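Structure file start31.txt; described as compact mmCIF, N, CA and C atoms.
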```
# COMPACT_ATOMS: atom_id res chain seq x y z
N MET A 146 48.12 10.10 -66.02
CA MET A 146 47.40 10.32 -64.78
C MET A 146 46.21 9.38 -64.75
N SER A 147 46.04 8.66 -63.66
CA SER A 147 44.93 7.72 -63.56
C SER A 147 43.61 8.47 -63.39
N LEU A 148 42.53 7.77 -63.64
CA LEU A 148 41.21 8.37 -63.54
C LEU A 148 40.96 8.89 -62.14
N SER A 149 41.32 8.13 -61.10
CA SER A 149 41.07 8.59 -59.74
C SER A 149 41.90 9.82 -59.40
N LEU A 150 43.14 9.89 -59.90
CA LEU A 150 43.96 11.07 -59.65
C LEU A 150 43.41 12.28 -60.39
N THR A 151 42.89 12.08 -61.59
CA THR A 151 42.28 13.17 -62.35
C THR A 151 41.05 13.67 -61.60
N LYS A 152 40.21 12.75 -61.15
CA LYS A 152 39.02 13.12 -60.40
C LYS A 152 39.39 13.91 -59.15
N MET A 153 40.40 13.44 -58.42
CA MET A 153 40.80 14.11 -57.19
C MET A 153 41.38 15.49 -57.48
N ALA A 154 42.15 15.62 -58.55
CA ALA A 154 42.73 16.92 -58.91
C ALA A 154 41.63 17.93 -59.25
N ILE A 155 40.64 17.51 -60.01
CA ILE A 155 39.53 18.39 -60.38
C ILE A 155 38.71 18.75 -59.15
N LEU A 156 38.40 17.75 -58.33
CA LEU A 156 37.63 17.98 -57.11
C LEU A 156 38.35 18.96 -56.19
N THR A 157 39.64 18.78 -56.02
CA THR A 157 40.43 19.67 -55.17
C THR A 157 40.44 21.09 -55.72
N GLY A 158 40.56 21.23 -57.03
CA GLY A 158 40.51 22.55 -57.64
C GLY A 158 39.20 23.26 -57.37
N TYR A 159 38.09 22.56 -57.57
CA TYR A 159 36.78 23.14 -57.27
C TYR A 159 36.67 23.51 -55.80
N ALA A 160 37.09 22.61 -54.93
CA ALA A 160 36.98 22.85 -53.50
C ALA A 160 37.78 24.07 -53.06
N HIS A 161 39.00 24.20 -53.55
CA HIS A 161 39.84 25.33 -53.17
C HIS A 161 39.37 26.64 -53.80
N SER A 162 38.61 26.58 -54.88
CA SER A 162 38.16 27.82 -55.53
C SER A 162 37.21 28.61 -54.65
N ILE A 163 36.61 27.97 -53.68
CA ILE A 163 35.69 28.68 -52.78
C ILE A 163 36.42 29.74 -51.97
N SER A 164 37.73 29.60 -51.83
CA SER A 164 38.49 30.60 -51.08
C SER A 164 38.87 31.81 -51.95
N LEU A 165 38.58 31.77 -53.23
CA LEU A 165 38.91 32.88 -54.12
C LEU A 165 37.92 34.04 -53.96
N LYS A 166 38.42 35.24 -54.20
CA LYS A 166 37.56 36.42 -54.11
C LYS A 166 36.39 36.29 -55.08
N GLY A 167 35.20 36.55 -54.57
CA GLY A 167 34.00 36.45 -55.38
C GLY A 167 33.30 35.10 -55.27
N PHE A 168 33.96 34.11 -54.68
CA PHE A 168 33.38 32.78 -54.56
C PHE A 168 33.12 32.38 -53.10
N GLU A 169 33.29 33.32 -52.17
CA GLU A 169 33.21 33.02 -50.74
C GLU A 169 31.85 32.48 -50.31
N THR A 170 30.78 32.82 -51.01
CA THR A 170 29.44 32.37 -50.62
C THR A 170 29.04 31.07 -51.32
N ASN A 171 29.92 30.53 -52.15
CA ASN A 171 29.61 29.29 -52.86
C ASN A 171 29.71 28.07 -51.96
N ARG A 172 29.08 27.02 -52.40
CA ARG A 172 29.15 25.70 -51.77
C ARG A 172 29.65 24.74 -52.84
N LEU A 173 30.28 23.67 -52.40
CA LEU A 173 30.73 22.62 -53.30
C LEU A 173 29.58 21.63 -53.46
N PHE A 174 29.23 21.29 -54.69
CA PHE A 174 28.16 20.33 -54.97
C PHE A 174 28.79 19.07 -55.54
N LEU A 175 28.50 17.92 -54.92
CA LEU A 175 29.03 16.63 -55.35
C LEU A 175 27.87 15.75 -55.75
N VAL A 176 27.86 15.30 -56.99
CA VAL A 176 26.80 14.43 -57.47
C VAL A 176 27.23 12.99 -57.25
N THR A 177 26.38 12.20 -56.60
CA THR A 177 26.62 10.78 -56.38
C THR A 177 25.43 10.00 -56.95
N ALA A 178 25.55 8.71 -56.99
CA ALA A 178 24.45 7.88 -57.48
C ALA A 178 23.23 7.99 -56.57
N ALA A 179 23.45 8.27 -55.30
CA ALA A 179 22.35 8.34 -54.33
C ALA A 179 21.69 9.71 -54.26
N GLY A 180 22.39 10.76 -54.69
CA GLY A 180 21.84 12.11 -54.60
C GLY A 180 22.95 13.15 -54.67
N ILE A 181 22.62 14.37 -54.28
CA ILE A 181 23.57 15.48 -54.33
C ILE A 181 23.98 15.86 -52.91
N ILE A 182 25.29 15.96 -52.71
CA ILE A 182 25.85 16.40 -51.44
C ILE A 182 26.42 17.79 -51.67
N SER A 183 26.09 18.73 -50.81
CA SER A 183 26.68 20.06 -50.90
C SER A 183 27.23 20.43 -49.53
N GLY A 184 28.24 21.28 -49.54
CA GLY A 184 28.82 21.74 -48.29
C GLY A 184 30.00 22.64 -48.53
N ILE A 185 30.64 23.02 -47.44
CA ILE A 185 31.80 23.90 -47.48
C ILE A 185 33.04 23.07 -47.16
N PRO A 186 33.98 22.94 -48.09
CA PRO A 186 35.17 22.13 -47.86
C PRO A 186 36.01 22.65 -46.69
N VAL A 187 36.57 21.72 -45.93
CA VAL A 187 37.44 22.07 -44.81
C VAL A 187 38.82 21.49 -45.11
N PHE A 188 39.81 22.38 -45.21
CA PHE A 188 41.17 21.94 -45.47
C PHE A 188 42.09 22.23 -44.29
N ASP A 189 41.88 23.37 -43.63
CA ASP A 189 42.73 23.76 -42.52
C ASP A 189 42.09 23.35 -41.21
N GLU A 190 42.92 23.20 -40.17
CA GLU A 190 42.38 22.87 -38.86
C GLU A 190 41.54 24.02 -38.36
N GLU A 191 40.40 23.68 -37.80
CA GLU A 191 39.50 24.68 -37.23
C GLU A 191 39.30 24.35 -35.76
N THR A 192 39.49 25.31 -34.92
CA THR A 192 39.31 25.08 -33.48
C THR A 192 38.04 25.73 -32.96
N ASP A 193 37.39 26.57 -33.77
CA ASP A 193 36.19 27.25 -33.32
C ASP A 193 34.91 26.45 -33.59
N ASN A 194 35.00 25.33 -34.27
CA ASN A 194 33.84 24.50 -34.58
C ASN A 194 34.12 23.09 -34.06
N LEU A 195 33.45 22.70 -32.99
CA LEU A 195 33.70 21.41 -32.35
C LEU A 195 33.46 20.24 -33.30
N ASN A 196 32.41 20.32 -34.13
CA ASN A 196 32.14 19.24 -35.08
C ASN A 196 33.31 19.04 -36.04
N VAL A 197 33.85 20.13 -36.54
CA VAL A 197 34.99 20.06 -37.47
C VAL A 197 36.21 19.50 -36.75
N THR A 198 36.47 20.00 -35.56
CA THR A 198 37.63 19.55 -34.79
C THR A 198 37.58 18.05 -34.54
N VAL A 199 36.42 17.53 -34.14
CA VAL A 199 36.27 16.09 -33.88
C VAL A 199 36.43 15.29 -35.17
N ALA A 200 35.79 15.72 -36.25
CA ALA A 200 35.90 15.00 -37.52
C ALA A 200 37.34 14.99 -38.02
N GLN A 201 38.04 16.12 -37.90
CA GLN A 201 39.44 16.16 -38.33
C GLN A 201 40.30 15.23 -37.49
N ALA A 202 40.05 15.17 -36.19
CA ALA A 202 40.81 14.28 -35.32
C ALA A 202 40.54 12.81 -35.67
N LEU A 203 39.28 12.46 -35.90
CA LEU A 203 38.93 11.09 -36.27
C LEU A 203 39.54 10.70 -37.61
N ASN A 204 39.43 11.58 -38.60
CA ASN A 204 40.00 11.31 -39.92
C ASN A 204 41.52 11.18 -39.84
N SER A 205 42.16 12.06 -39.07
CA SER A 205 43.61 12.02 -38.93
C SER A 205 44.07 10.72 -38.26
N THR A 206 43.36 10.31 -37.22
CA THR A 206 43.69 9.06 -36.53
C THR A 206 43.53 7.87 -37.47
N ALA A 207 42.47 7.87 -38.26
CA ALA A 207 42.25 6.78 -39.22
C ALA A 207 43.35 6.75 -40.27
N LEU A 208 43.75 7.92 -40.77
CA LEU A 208 44.81 8.00 -41.77
C LEU A 208 46.14 7.49 -41.21
N GLU A 209 46.44 7.85 -39.97
CA GLU A 209 47.67 7.38 -39.33
C GLU A 209 47.67 5.86 -39.19
N ALA A 210 46.53 5.29 -38.80
CA ALA A 210 46.42 3.84 -38.65
C ALA A 210 46.59 3.14 -39.99
N VAL A 211 45.99 3.66 -41.03
CA VAL A 211 46.12 3.07 -42.36
C VAL A 211 47.56 3.19 -42.84
N SER A 212 48.17 4.34 -42.58
CA SER A 212 49.55 4.56 -43.00
C SER A 212 50.50 3.57 -42.33
N LYS A 213 50.31 3.32 -41.05
CA LYS A 213 51.15 2.36 -40.33
C LYS A 213 50.94 0.95 -40.85
N ALA A 214 49.69 0.60 -41.12
CA ALA A 214 49.38 -0.75 -41.58
C ALA A 214 49.82 -0.99 -43.02
N ASP A 215 49.91 0.08 -43.78
CA ASP A 215 50.20 -0.04 -45.21
C ASP A 215 51.46 0.73 -45.60
N SER A 216 52.43 0.83 -44.70
CA SER A 216 53.61 1.66 -44.94
C SER A 216 54.45 1.18 -46.11
N SER A 217 54.33 -0.06 -46.51
CA SER A 217 55.11 -0.56 -47.64
C SER A 217 54.56 -0.09 -48.98
N ASP A 218 53.35 0.49 -48.99
CA ASP A 218 52.70 0.90 -50.24
C ASP A 218 52.63 2.42 -50.36
N ASP A 219 53.67 3.12 -49.90
CA ASP A 219 53.68 4.59 -49.87
C ASP A 219 53.55 5.22 -51.25
N GLU A 220 54.05 4.58 -52.30
CA GLU A 220 54.05 5.20 -53.62
C GLU A 220 52.78 4.94 -54.41
N SER A 221 51.81 4.25 -53.83
CA SER A 221 50.61 3.90 -54.58
C SER A 221 49.71 5.10 -54.86
N SER A 222 49.79 6.14 -54.03
CA SER A 222 48.94 7.30 -54.23
C SER A 222 49.74 8.58 -54.04
N PRO A 223 50.18 9.21 -55.13
CA PRO A 223 50.99 10.41 -55.03
C PRO A 223 50.32 11.55 -54.28
N VAL A 224 48.98 11.62 -54.28
CA VAL A 224 48.32 12.69 -53.54
C VAL A 224 48.15 12.33 -52.08
N GLY A 225 48.48 11.13 -51.69
CA GLY A 225 48.38 10.73 -50.29
C GLY A 225 47.04 10.14 -49.97
N ARG A 226 46.99 9.47 -48.87
CA ARG A 226 45.75 8.82 -48.43
C ARG A 226 44.62 9.82 -48.21
N SER A 227 44.95 11.04 -47.82
CA SER A 227 43.90 12.03 -47.56
C SER A 227 43.13 12.38 -48.82
N GLY A 228 43.64 12.01 -50.00
CA GLY A 228 42.94 12.27 -51.25
C GLY A 228 41.76 11.36 -51.49
N GLU A 229 41.52 10.44 -50.58
CA GLU A 229 40.42 9.51 -50.76
C GLU A 229 39.09 10.06 -50.28
N PHE A 230 39.13 11.17 -49.57
CA PHE A 230 37.89 11.76 -49.07
C PHE A 230 38.04 13.26 -48.96
N ILE A 231 36.91 13.93 -48.80
CA ILE A 231 36.90 15.37 -48.58
C ILE A 231 35.98 15.65 -47.40
N LEU A 232 36.38 16.54 -46.53
CA LEU A 232 35.59 16.91 -45.36
C LEU A 232 34.78 18.15 -45.69
N LEU A 233 33.47 18.08 -45.44
CA LEU A 233 32.58 19.20 -45.68
C LEU A 233 31.90 19.61 -44.39
N LYS A 234 31.79 20.93 -44.17
CA LYS A 234 30.99 21.40 -43.05
C LYS A 234 29.71 22.00 -43.61
N ASP A 235 28.70 22.12 -42.75
CA ASP A 235 27.40 22.62 -43.18
C ASP A 235 26.92 21.83 -44.40
N ALA A 236 27.06 20.50 -44.31
CA ALA A 236 26.75 19.62 -45.44
C ALA A 236 25.26 19.33 -45.53
N ARG A 237 24.84 19.10 -46.75
CA ARG A 237 23.43 18.83 -47.03
C ARG A 237 23.37 17.70 -48.05
N PHE A 238 22.48 16.73 -47.83
CA PHE A 238 22.29 15.62 -48.77
C PHE A 238 20.87 15.67 -49.29
N GLU A 239 20.75 15.72 -50.61
CA GLU A 239 19.43 15.75 -51.25
C GLU A 239 19.29 14.56 -52.18
N ALA A 240 18.30 13.73 -51.91
CA ALA A 240 17.98 12.62 -52.81
C ALA A 240 16.57 12.87 -53.32
N THR A 241 15.63 12.50 -52.56
CA THR A 241 14.24 12.86 -52.87
C THR A 241 13.75 13.67 -51.69
N THR A 242 12.96 13.08 -50.85
CA THR A 242 12.58 13.76 -49.61
C THR A 242 12.78 12.78 -48.48
N PRO A 243 13.08 13.17 -47.32
CA PRO A 243 13.40 14.53 -46.92
C PRO A 243 14.87 14.85 -47.17
N VAL A 244 15.18 16.13 -47.18
CA VAL A 244 16.57 16.58 -47.28
C VAL A 244 17.21 16.33 -45.92
N VAL A 245 18.45 15.86 -45.93
CA VAL A 245 19.17 15.60 -44.69
C VAL A 245 20.32 16.58 -44.57
N ASN A 246 20.39 17.29 -43.45
CA ASN A 246 21.47 18.25 -43.19
C ASN A 246 22.44 17.65 -42.18
N PHE A 247 23.73 17.90 -42.37
CA PHE A 247 24.78 17.41 -41.47
C PHE A 247 25.65 18.60 -41.07
N PRO A 248 26.03 18.70 -39.80
CA PRO A 248 26.96 19.77 -39.43
C PRO A 248 28.36 19.52 -40.01
N ILE A 249 28.69 18.25 -40.23
CA ILE A 249 30.00 17.87 -40.79
C ILE A 249 29.81 16.53 -41.50
N LEU A 250 30.51 16.32 -42.62
CA LEU A 250 30.35 15.09 -43.38
C LEU A 250 31.65 14.77 -44.11
N THR A 251 32.14 13.54 -43.94
CA THR A 251 33.30 13.07 -44.68
C THR A 251 32.78 12.31 -45.90
N VAL A 252 33.14 12.76 -47.09
CA VAL A 252 32.65 12.16 -48.33
C VAL A 252 33.80 11.40 -48.99
N PHE A 253 33.59 10.11 -49.27
CA PHE A 253 34.60 9.30 -49.94
C PHE A 253 34.54 9.57 -51.44
N CYS A 254 35.65 9.96 -51.99
CA CYS A 254 35.70 10.49 -53.35
C CYS A 254 35.38 9.49 -54.44
N ASP A 255 35.54 8.20 -54.17
CA ASP A 255 35.24 7.22 -55.21
C ASP A 255 33.75 7.17 -55.52
N GLN A 256 32.91 7.75 -54.67
CA GLN A 256 31.47 7.77 -54.88
C GLN A 256 30.99 8.98 -55.69
N ILE A 257 31.89 9.90 -55.98
CA ILE A 257 31.50 11.14 -56.65
C ILE A 257 31.48 10.94 -58.16
N ILE A 258 30.38 11.35 -58.76
CA ILE A 258 30.21 11.25 -60.21
C ILE A 258 30.54 12.57 -60.89
N ALA A 259 30.18 13.68 -60.24
CA ALA A 259 30.41 15.01 -60.82
C ALA A 259 30.56 16.03 -59.69
N VAL A 260 31.10 17.21 -60.04
CA VAL A 260 31.33 18.26 -59.06
C VAL A 260 30.97 19.61 -59.68
N SER A 261 30.46 20.53 -58.85
CA SER A 261 30.12 21.86 -59.31
C SER A 261 30.18 22.82 -58.13
N LEU A 262 30.05 24.11 -58.43
CA LEU A 262 29.97 25.14 -57.40
C LEU A 262 28.65 25.87 -57.55
N GLY A 263 28.17 26.42 -56.47
CA GLY A 263 26.94 27.20 -56.53
C GLY A 263 26.66 27.83 -55.19
N THR A 264 25.66 28.70 -55.16
CA THR A 264 25.31 29.39 -53.92
C THR A 264 24.00 28.89 -53.33
N ASN A 265 23.18 28.21 -54.09
CA ASN A 265 21.88 27.75 -53.63
C ASN A 265 21.90 26.24 -53.49
N PRO A 266 21.67 25.71 -52.27
CA PRO A 266 21.73 24.26 -52.10
C PRO A 266 20.57 23.51 -52.73
N THR A 267 19.57 24.21 -53.26
CA THR A 267 18.48 23.54 -53.96
C THR A 267 18.22 24.25 -55.26
N ASN A 268 17.48 23.60 -56.11
CA ASN A 268 17.10 24.21 -57.39
C ASN A 268 15.74 24.87 -57.32
N ARG A 269 15.19 24.96 -56.14
CA ARG A 269 13.84 25.53 -55.97
C ARG A 269 13.89 27.02 -55.87
```
Show me the file's structure as structure tokens.
Amino acid sequence: MSLSLTKMAILTGYAHSISLKGFETNRLFLVTAAGIISGIPVFDEETDNLNVTVAQALNSTALEAVSKADSSDDESSPVGRSGEFILLKDARFEATTPVVNFPILTVFCDQIIAVSLGTNPTNR
């Protein structure tokens, strides 16, 4: 298993664990070189949140375009092109100051250094 596939498998496991009983109030924490991103992973289509709906439509359109342009390279990524990023709602980015909040954020997985779960978006 390649390093990127291992990273994506671990990240996906953490992200899906939020749906388990007892973890519903957790957030996914992603450590990057620039700071910490936290949020709630979005896997299923949501129609009650306009931000999520728009982001999912944009991401889906981009994936379709890449798939058409790169259809000869289908076997290069067993997890699929969608494994290159994760969609977070109620996202928060913390570097130094100020903290930046996003209603929705697409995070490219190659930028992630570490992953964790927690309920508090800050250590304060």
Neighbour list for A:Tyr159 as an MDAnalysis selection string, cut-off 8 Å, all atoms listed in the file, skip fewer than 2 positions in-chain
chainID A and resid 153:157 161:164 172:174 260:262
Tell me, which residues of stretch 146-268 of chain A carry DSSP helix (DSSP H, G or I), written as a ChimeraX atom specification?
/A:148-162,195-214,216-221,226-229,254-256
Based on DSSP run over this structure's backbone, return all residues of stretch 179-265 of chain A in strand (DSSP E or B), as a PyMOL selection string.
chain A and resi 181-186+230-239+245-253+257-263
What does the distance between atom C of A:Phe168 and atom CA of A:Thr264 come to in Å, to one decimal place?
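That distance, rounded to one decimal, is 8.4 Å.
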For A:Ile185, which residue among A:Asp235, A:Val252, A:Thr242, A:Phe247 is the nearest when counting only N, CA and C atoms?
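Ranking A:Asp235, A:Val252, A:Thr242, A:Phe247 by distance to A:Ile185, first place goes to A:Asp235.
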Just to confirm, what's the straight-line distance from atom CA of A:Ala240 to atom CA of A:Gly180 in Å (one decimal)?
4.3 Å
What lies within 12 Å of A:Leu195 using only C-alpha atoms, ignoring chain neighbours under 4 positions off, as a PyMOL selection string?
chain A and resi 190-191+199-202+234+248-249
Report, in Å to a single decimal, how far apart atom C of A:Ala236 and atom N of A:Thr177 are.
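According to the coordinates, atom N of A:Thr177 and atom C of A:Ala236 are separated by 13.2 Å.
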